[in-house]
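What's in work12.cif: mmCIF, C-alpha atoms
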```
data_model
#
loop_
_atom_site.label_atom_id
_atom_site.label_comp_id
_atom_site.auth_asym_id
_atom_site.auth_seq_id
_atom_site.Cartn_x
_atom_site.Cartn_y
_atom_site.Cartn_z
CA MET A 1 56.94 37.44 -30.96
CA SER A 2 56.28 39.12 -27.64
CA ILE A 3 54.82 37.72 -24.43
CA ILE A 4 51.87 39.67 -23.08
CA LEU A 5 50.45 39.31 -19.60
CA ALA A 6 46.73 40.10 -19.74
CA SER A 7 46.39 41.36 -16.20
CA THR A 8 46.08 44.37 -13.92
CA SER A 9 47.42 42.44 -10.92
CA PRO A 10 50.80 43.55 -9.55
CA ARG A 11 51.09 40.13 -7.85
CA ARG A 12 50.87 38.29 -11.17
CA ARG A 13 53.37 40.69 -12.69
CA GLU A 14 55.83 40.05 -9.87
CA LEU A 15 55.38 36.28 -10.04
CA LEU A 16 55.84 36.12 -13.82
CA ALA A 17 58.94 38.32 -13.52
CA LEU A 18 60.53 35.60 -11.36
CA LEU A 19 60.90 33.50 -14.52
CA GLY A 20 63.35 36.07 -15.87
CA ILE A 21 61.58 36.65 -19.19
CA ALA A 22 60.67 39.91 -20.89
CA PHE A 23 56.96 40.60 -21.19
CA GLU A 24 54.45 43.37 -21.73
CA ILE A 25 51.39 44.06 -19.63
CA ILE A 26 48.03 44.89 -21.19
CA PRO A 27 44.87 45.04 -19.07
CA PRO A 28 42.26 42.53 -20.27
CA THR A 29 38.83 43.73 -21.33
CA ALA A 30 36.90 40.57 -20.44
CA GLU A 31 34.12 40.87 -17.88
CA GLU A 32 34.21 38.46 -14.94
CA ILE A 33 30.62 37.26 -14.95
CA PRO A 34 30.29 33.81 -13.37
CA SER A 35 28.36 31.12 -15.22
CA THR A 36 25.88 29.00 -13.30
CA ASN A 37 26.77 26.07 -15.56
CA LEU A 38 30.42 25.89 -14.50
CA SER A 39 32.04 24.54 -11.35
CA PRO A 40 34.30 27.01 -9.51
CA ARG A 41 37.35 25.14 -10.85
CA ASP A 42 36.10 25.35 -14.44
CA GLN A 43 35.10 28.97 -13.89
CA ALA A 44 38.70 29.85 -13.03
CA LYS A 45 39.78 28.27 -16.33
CA GLN A 46 37.11 30.14 -18.27
CA PHE A 47 37.96 33.49 -16.73
CA ALA A 48 41.64 32.91 -17.59
CA LEU A 49 40.70 32.03 -21.17
CA ASP A 50 38.44 35.06 -21.48
CA LYS A 51 41.20 37.38 -20.28
CA ALA A 52 43.76 35.91 -22.67
CA LEU A 53 41.36 35.97 -25.62
CA SER A 54 40.43 39.62 -25.04
CA ILE A 55 44.05 40.54 -25.78
CA ALA A 56 44.97 37.76 -28.23
CA ARG A 57 42.33 39.01 -30.66
CA ARG A 58 44.21 42.31 -30.88
CA TYR A 59 47.71 40.78 -30.86
CA PRO A 60 47.37 37.51 -32.80
CA ASP A 61 51.11 37.13 -33.43
CA ASP A 62 52.06 37.30 -29.76
CA LEU A 63 51.85 34.86 -26.85
CA VAL A 64 49.17 36.05 -24.45
CA LEU A 65 48.94 34.82 -20.88
CA GLY A 66 45.77 35.17 -18.85
CA SER A 67 45.10 34.05 -15.29
CA ASP A 68 42.28 34.22 -12.78
CA THR A 69 41.73 33.08 -9.21
CA VAL A 70 38.47 32.08 -7.54
CA ILE A 71 37.60 30.79 -4.09
CA GLU A 72 35.36 27.78 -3.46
CA ILE A 73 33.69 26.80 -0.22
CA ASP A 74 30.85 24.31 0.18
CA GLY A 75 30.92 23.84 -3.59
CA THR A 76 30.08 27.51 -4.15
CA LEU A 77 32.18 30.14 -5.92
CA VAL A 78 33.26 33.14 -3.86
CA GLY A 79 34.33 36.01 -6.09
CA LYS A 80 35.57 39.51 -5.38
CA PRO A 81 33.62 41.71 -2.96
CA GLN A 82 31.56 44.56 -4.33
CA ASP A 83 32.30 46.69 -1.29
CA LEU A 84 33.49 46.42 2.32
CA ASP A 85 30.14 45.17 3.54
CA ASP A 86 30.34 42.36 1.00
CA ALA A 87 33.93 41.67 2.10
CA ASP A 88 32.75 41.45 5.71
CA THR A 89 30.15 38.83 4.74
CA MET A 90 32.68 36.80 2.73
CA LEU A 91 35.30 36.72 5.45
CA ARG A 92 32.79 35.75 8.12
CA HIS A 93 31.79 32.83 5.89
CA LEU A 94 35.44 31.73 5.52
CA ARG A 95 36.38 32.27 9.17
CA GLY A 96 37.69 29.18 10.95
CA ARG A 97 37.10 27.00 7.90
CA THR A 98 38.98 25.45 4.97
CA HIS A 99 38.36 26.63 1.44
CA HIS A 100 39.81 25.86 -1.99
CA VAL A 101 41.67 28.36 -4.15
CA HIS A 102 41.50 27.64 -7.89
CA THR A 103 43.78 29.58 -10.25
CA GLY A 104 43.39 29.10 -13.97
CA VAL A 105 46.15 30.01 -16.40
CA ALA A 106 45.68 30.23 -20.18
CA LEU A 107 48.24 30.76 -22.93
CA MET A 108 47.12 31.76 -26.41
CA HIS A 109 48.83 32.34 -29.75
CA GLN A 110 45.96 33.18 -32.05
CA ALA A 111 47.90 33.16 -35.33
CA ALA A 112 49.19 29.65 -34.61
CA HIS A 113 45.78 28.46 -33.34
CA VAL A 114 47.27 27.62 -29.95
CA THR A 115 45.11 27.63 -26.83
CA LEU A 116 46.44 25.98 -23.69
CA VAL A 117 44.78 26.12 -20.30
CA ARG A 118 45.54 24.68 -16.87
CA VAL A 119 44.11 25.05 -13.39
CA GLU A 120 45.86 24.55 -10.06
CA THR A 121 44.11 24.13 -6.73
CA ALA A 122 45.33 24.77 -3.19
CA ARG A 123 43.59 24.48 0.18
CA VAL A 124 43.60 27.28 2.74
CA ARG A 125 42.39 27.12 6.33
CA MET A 126 41.56 30.37 8.11
CA THR A 127 41.91 31.09 11.78
CA PRO A 128 38.81 31.76 13.91
CA PHE A 129 39.66 35.47 13.95
CA THR A 130 37.66 37.82 16.15
CA ASP A 131 35.18 40.45 15.03
CA HIS A 132 37.64 43.11 16.21
CA GLU A 133 40.42 41.61 14.06
CA LEU A 134 38.06 41.51 11.10
CA LYS A 135 37.07 45.15 11.58
CA ARG A 136 40.70 46.25 11.70
CA TYR A 137 41.48 44.28 8.53
CA LEU A 138 38.53 45.72 6.63
CA GLU A 139 39.74 49.20 7.55
CA THR A 140 42.89 48.58 5.48
CA GLU A 141 40.62 48.15 2.40
CA GLU A 142 42.96 45.39 1.25
CA SER A 143 39.90 43.18 0.70
CA LEU A 144 38.71 45.18 -2.29
CA GLY A 145 39.48 43.55 -5.63
CA LYS A 146 40.63 40.29 -4.01
CA ALA A 147 39.00 36.91 -4.53
CA GLY A 148 37.58 35.84 -1.19
CA ALA A 149 38.18 39.37 0.17
CA TYR A 150 41.71 38.72 1.44
CA SER A 151 45.30 38.95 0.29
CA ILE A 152 47.51 36.09 1.46
CA GLN A 153 50.71 38.02 0.77
CA GLY A 154 49.45 41.11 2.54
CA GLU A 155 47.79 41.86 5.86
CA GLY A 156 45.40 38.98 5.23
CA ALA A 157 48.21 36.53 6.02
CA ARG A 158 47.40 36.98 9.72
CA PHE A 159 44.14 35.08 9.13
CA ILE A 160 45.80 32.04 7.53
CA GLU A 161 46.24 29.02 9.75
CA LYS A 162 47.39 26.48 7.16
CA ILE A 163 47.86 26.04 3.43
CA GLU A 164 48.17 22.86 1.41
CA GLY A 165 49.53 23.21 -2.09
CA ASP A 166 51.36 25.74 -4.20
CA TYR A 167 51.69 29.18 -2.60
CA PRO A 168 51.91 31.17 -5.88
CA THR A 169 48.62 29.56 -6.89
CA ILE A 170 46.98 31.29 -3.93
CA VAL A 171 48.71 34.59 -4.76
CA GLY A 172 47.39 34.37 -8.33
CA LEU A 173 49.75 32.58 -10.75
CA PRO A 174 50.84 28.91 -10.50
CA LEU A 175 54.47 29.23 -11.54
CA ARG A 176 55.17 25.61 -12.45
CA GLN A 177 52.12 25.42 -14.68
CA THR A 178 52.94 28.77 -16.26
CA ALA A 179 56.56 27.81 -16.93
CA ASP A 180 55.49 24.52 -18.50
CA LEU A 181 53.02 26.22 -20.84
CA LEU A 182 55.61 28.79 -21.96
CA GLU A 183 58.25 26.15 -22.56
CA GLN A 184 55.78 24.14 -24.65
CA GLN A 185 55.65 27.14 -26.98
CA GLY A 186 59.40 27.38 -27.27
CA VAL A 187 60.02 30.10 -24.70
CA VAL A 188 63.46 29.69 -23.15
CA LEU A 189 63.36 30.48 -19.45
CA PRO A 190 66.59 32.05 -18.15
CA LYS A 191 65.75 30.77 -14.67
CA SER A 192 64.80 27.22 -13.74
CA VAL A 193 61.40 27.19 -12.09
CA GLU A 194 62.60 24.57 -9.61
CA GLU A 195 65.53 26.79 -8.68
CA ILE A 196 63.11 29.65 -8.12
CA TYR A 197 61.10 27.50 -5.74
CA ARG A 198 64.26 26.50 -3.93
CA LEU A 199 65.48 30.07 -3.51
CA LYS A 200 62.11 31.63 -2.71
CA PRO A 201 60.93 30.06 0.54
CA TYR A 202 57.46 31.58 0.32
CA ALA A 203 56.86 29.63 -2.89
CA ASN A 204 57.63 26.42 -1.08
CA TRP A 205 55.29 26.68 1.88
CA LYS A 206 53.20 23.61 2.48
CA GLU A 207 51.86 24.82 5.80
CA PHE A 208 52.44 27.53 8.38
#
```

Please render this file's structure as structure tokens.
Amino acid sequence: MSIILASTSPRRRELLALLGIAFEIIPPTAEEIPSTNLSPRDQAKQFALDKALSIARRYPDDLVLGSDTVIEIDGTLVGKPQDLDDADTMLRHLRGRTHHVHTGVALMHQAAHVTLVRVETARVRMTPFTDHELKRYLETEESLGKAGAYSIQGEGARFIEKIEGDYPTIVGLPLRQTADLLEQQGVVLPKSVEEIYRLKPYANWKEF
């Protein structure tokens, strides 16, 4: 039985690799179309499930891990920008305010009829950055493909004033939740997740 990460995200690949396990990467085929009937938190769970299922159907004997991150502000879901103009609008909306980051993680083993899903939430407060700072950031094009139009582990970190919660959740994969789900299915982790948090300061940040 193999472990498959249903993702195209290099951040999720790097975070999962911290657990010291062998895994394959297969891009999911699920479309990220938000449902008006779901809260942002539940939408993160559904997207994670959809990603995992899109691969689990093809590899029913393997453990498939899917994850997705969404941003919520004022009770409204903020997804990924369509283009830089959309990114500009998103970041102006988040500027100087606190928003929630929800990351869902789903683990599926289709042959064993196993479907497990969790969601972790963190709070992020952005600085009141200037229009000039925003323009310079958009020029990096880092916003594209990122929930909320920023990357907390990239250049977007300059806009973060404070975080409350689990840093890997904001990056895109809640490690504690992921480790727990894998261990529930009998996966032996060569590295203790708590030791990883101790040795990796960035995964321990409560605030800047």

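Non-sequential neighbours of Gly20 of chain A (distance at most 7 Å, separation of 5 or more positions within a chain, all atoms listed in the file) are Leu189, Pro190 and Lys191 of chain A.
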
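The nearest approach to Tyr167 of chain A among the residues A:Thr121, A:Glu139, A:Pro128, A:Glu155, with only C-alpha atoms taken into account, belongs to A:Thr121.
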
Taking the file as I've supplied it (selection: the PyMOL selection byres ((chain A and resi 144) around 9)), which residues are included? Please answer as a list in words.
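Residues picked by the PyMOL selection byres ((chain A and resi 144) around 9): Lys80, Pro81, Gln82, Asp83, Leu84, Ala87, Leu138, Glu141, Glu142, Ser143, Gly145, Lys146, Ala147, Ala149 and Tyr150 of chain A.
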
For the contact check between segment 44-127 of chain A and segment 23-28 of chain A, emit one row per residue of segment 44-127 of chain A within 8 Å, containing the shortest atom pair and the distance in Å rounded to one decimal, counting all atoms listed in the file, chain then rising number order, as JSON lines.
```
{"residue": "A:Lys51", "atom": "CA", "partner": "A:Pro28", "partner_atom": "CA", "distance": 5.3}
{"residue": "A:Ala52", "atom": "CA", "partner": "A:Pro28", "partner_atom": "CA", "distance": 7.2}
{"residue": "A:Ser54", "atom": "CA", "partner": "A:Pro28", "partner_atom": "CA", "distance": 5.9}
{"residue": "A:Ile55", "atom": "CA", "partner": "A:Pro28", "partner_atom": "CA", "distance": 6.1}
```

When you count only C-alpha atoms, which of these residues is closest to Ile170 of chain A: A:Arg92, A:Arg118, A:Arg136, A:Arg11?
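That would be A:Arg11, the residue with the smallest distance to Ile170 of chain A.
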
Mind checking which residues fall within 6 Å of segment 29-43 of chain A, counting only C-alpha atoms, ignoring those fewer than 2 positions away in the same chain, and posting them as a ChimeraX atom specification?
/A:45-46,50-51,54,77,102

By how many Å are atom CA of Phe47 of chain A and atom CA of Val188 of chain A apart?
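Value for the atom CA of Phe47 of chain A-atom CA of Val188 of chain A distance: 26.6 Å.
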
Using only C-alpha atoms, which residue out of A:Gly172, A:Ala22, A:Asp86, A:Phe129 lies closest to Thr8 of chain A?
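The shortest atom-to-atom distance to Thr8 of chain A comes from A:Gly172.
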